[in-house]
Amino acid sequence: MKRTLIKNLGENIRKEVLVKGWVDIRRDHGKLIFIDLRDFSGLVQAVSTPKEDSHKVAETIRPEWVVEVKGMVNERPENMVNADIQNGNIELKITEIKVLNEAQTPPIDIQSDGKDIGEENRLKYRYLDLRRKRMQKNLRNRSKALTFIRNYLEKEDFTEVETPILSKSTPEGARDFIVPSRIDKGKFYALPQSPQQYKQLLMVAGMERYFQIARCFRDEDSRGDRQPEFTQLDIEASFVSQDDIMDLLEGVYTEVVKKFYPDKKITKSSWPRLNYQDVIKEYGTDSPDLRKDKNNPNELAFAWIINFPLFTEQSEKDFFHGSGSAKFAPSHHMFTGPNPEDVSLLDSEPQKVRGLQHDLVLNGNEIGGGSVRIHDPKIQEKVFDLIGFSAEQKKKFKHILEAFTYGVPPHGGIAMGFDRFMMILENEESIREVFSFPKTGEGRDPMMEAPSEVEEDQLKELGIEVKKKK
Ligand code: ASP
């Protein structure tokens, strides 16, 4: 007999069906035993009576056992109908139960929303934590939104291109995760902080419209709600203005909200485009919360921030570039183009140059950022000089400078922090709630126990020696 999904039981009234899933809750009422059965598609109440041979099995089963149940789909008597729940009008009368797997009592409660359970335990038993309704919903909605975005961009003639994970450092302001090479001992790959250089090189390659649901890796000190790896909706296009990029994103994100979160109201469309200096003056931050009613979780206040200065003052933390003597660091990154009106100021007053950067803020969170890029190798070199690159450091980017000598179209793009967007849409407090298997705030995975030591032999093969802690 073929399996029927629990969500489809209502279409099978007065028929015999086979369902497979987990025991959600079991209630022993003496003669009758009620079992709520759960599969990925929903819940149904099943009932076992002593008349059936299977009643003996029903007496033994416990929550979270995996079972196969045969039974009749019956309509509930009128006074037992519960219109508020899925399958509230039916009941599955059990005729056969097969236990596929017994289960120990879960170490964490999975019936609740899980917010009271310590993070260490939730992550150690993440495979159980994900069984809870809230987490199932978050992961499924995330998939739906991603699929929708993919289709939307495909329709706009964008092509999804996968770029390497084993790569070379793209300085985006954070530390790289590095991976030792076995074949070339003493050399290392870096995990991409973002596909920035690849996507620009794809523009040189003539792809014109690129996107990727890209995993990015940044080795940052645990700072609030960050994860060492996270997902960006990464976009780059040729022959575009900042307006084109902002319009595209407004279009696709508005559709996501309308389609999947119809209860949410966008404060203002089209989204305001605000000057960096004005925003700083008025709100004291470049990611202001522009909701009219800050207590309303269903209000979405999107806004673009533009006209950032191209450079900020270089600080201690800008360890990734500069000889130490340079005064400037890129406010966004070193590929962001200067406003064409300000190019002449690059030599005289670089601090006054506005960059073609656009950041997207939502309810006080920065959820995306990008820019129109430099596509003139001379200007790119100038920016490298201004941020204090040594000849050695410049050499690390010679591929991009060289690529730009073979016919590079003007181009620009953006990367959207997808986890944070989903977090806000799902009214969650942390991006971990929209991840499948996140790390703790200290970057640990308590389930896999990562990071971990590796075998002595593995280190030897890599030519690596680890200094023992004293
Ligand atoms: N690569 C940039 C980032 O991750 C975004 C961009 O400029 O497209 O912030």
# chains A, B, ... in the order shown; residues from 1 in each chain; ligands from 1
>>> residues_near_ligand(ligand="ligand 1", cutoff="7 Å", atoms="only C-alpha atoms and all ligand atoms", output="count of residues only")
14
>>> residues_around(residues="stretch 307-310 of chain A", least_positions_apart="6", cutoff="7 Å", atoms="only C-alpha atoms", output="list in words")
Asn275, Tyr276, Pro330, Ser331, Pro338, Lys352, Val353, Arg354, Gly355, Leu356 and Gln357 of chain A
>>> atom_distance(atom1="atom CA of A:Phe328", atom2="atom CA of A:Gly388")
7.6 Å
>>> select_by_dssp(residues="stretch 176-344 of chain A", states="helix (DSSP H, G or I)", output="PyMOL selection string")
chain A and resi 196-204+242-260+276-283+340-342
>>> select_by_dssp(residues="stretch 331-367 of chain A", states="strand (DSSP E)", output="PyMOL selection string")
chain A and resi 357-362+365-367
>>> residues_around(residues="stretch 19-21 of chain A", least_positions_apart="3", cutoff="7 Å", atoms="only C-alpha atoms", output="PDB file with C-alpha atoms, in the first residue's frame")
ATOM      1  CA  ARG A   3       1.996   6.005   1.803  1.00  0.00           C
ATOM      2  CA  THR A   4      -0.442   8.904   2.213  1.00  0.00           C
ATOM      3  CA  LEU A   5       0.962  12.176   3.501  1.00  0.00           C
ATOM      4  CA  ILE A   6      -0.776  13.431   6.612  1.00  0.00           C
ATOM      5  CA  LEU A  37       1.020  11.159  14.381  1.00  0.00           C
ATOM      6  CA  ARG A  38       3.385  13.584  12.735  1.00  0.00           C
ATOM      7  CA  ASP A  39       5.125  13.661   9.393  1.00  0.00           C
ATOM      8  CA  VAL A  66       8.913   6.008  14.217  1.00  0.00           C
ATOM      9  CA  VAL A  67       5.862   4.074  13.074  1.00  0.00           C
ATOM     10  CA  GLU A  68       3.868   2.950  10.114  1.00  0.00           C
ATOM     11  CA  VAL A  69       0.133   2.989  10.736  1.00  0.00           C
ATOM     12  CA  LYS A  70      -2.681   1.566   8.681  1.00  0.00           C
TER      13      LYS A  70
END
>>> closest_residue(among="A:Thr267, A:Gln104, A:Thr60, A:Asn12", to="A:Ile33", atoms="only C-alpha atoms")
A:Thr60
>>> closest_residue(among="A:Ile431, A:Ile94, A:Ile108, A:Leu201", to="A:Glu229", atoms="only C-alpha atoms")
A:Ile431
>>> atom_distance(atom1="atom CA of A:Leu9", atom2="atom CA of A:Asn74")
9.8 Å
>>> closest_residue(among="A:Met334, A:Leu462, A:Ile400, A:Val240", to="A:Tyr198", atoms="only C-alpha atoms")
A:Ile400
>>> closest_residue(among="A:Arg209, A:Lys382, A:Lys185, A:Arg132", to="A:Glu160", atoms="only C-alpha atoms")
A:Arg209
>>> atom_distance(atom1="atom CA of A:Arg150", atom2="atom CA of A:Lys258")
16.3 Å
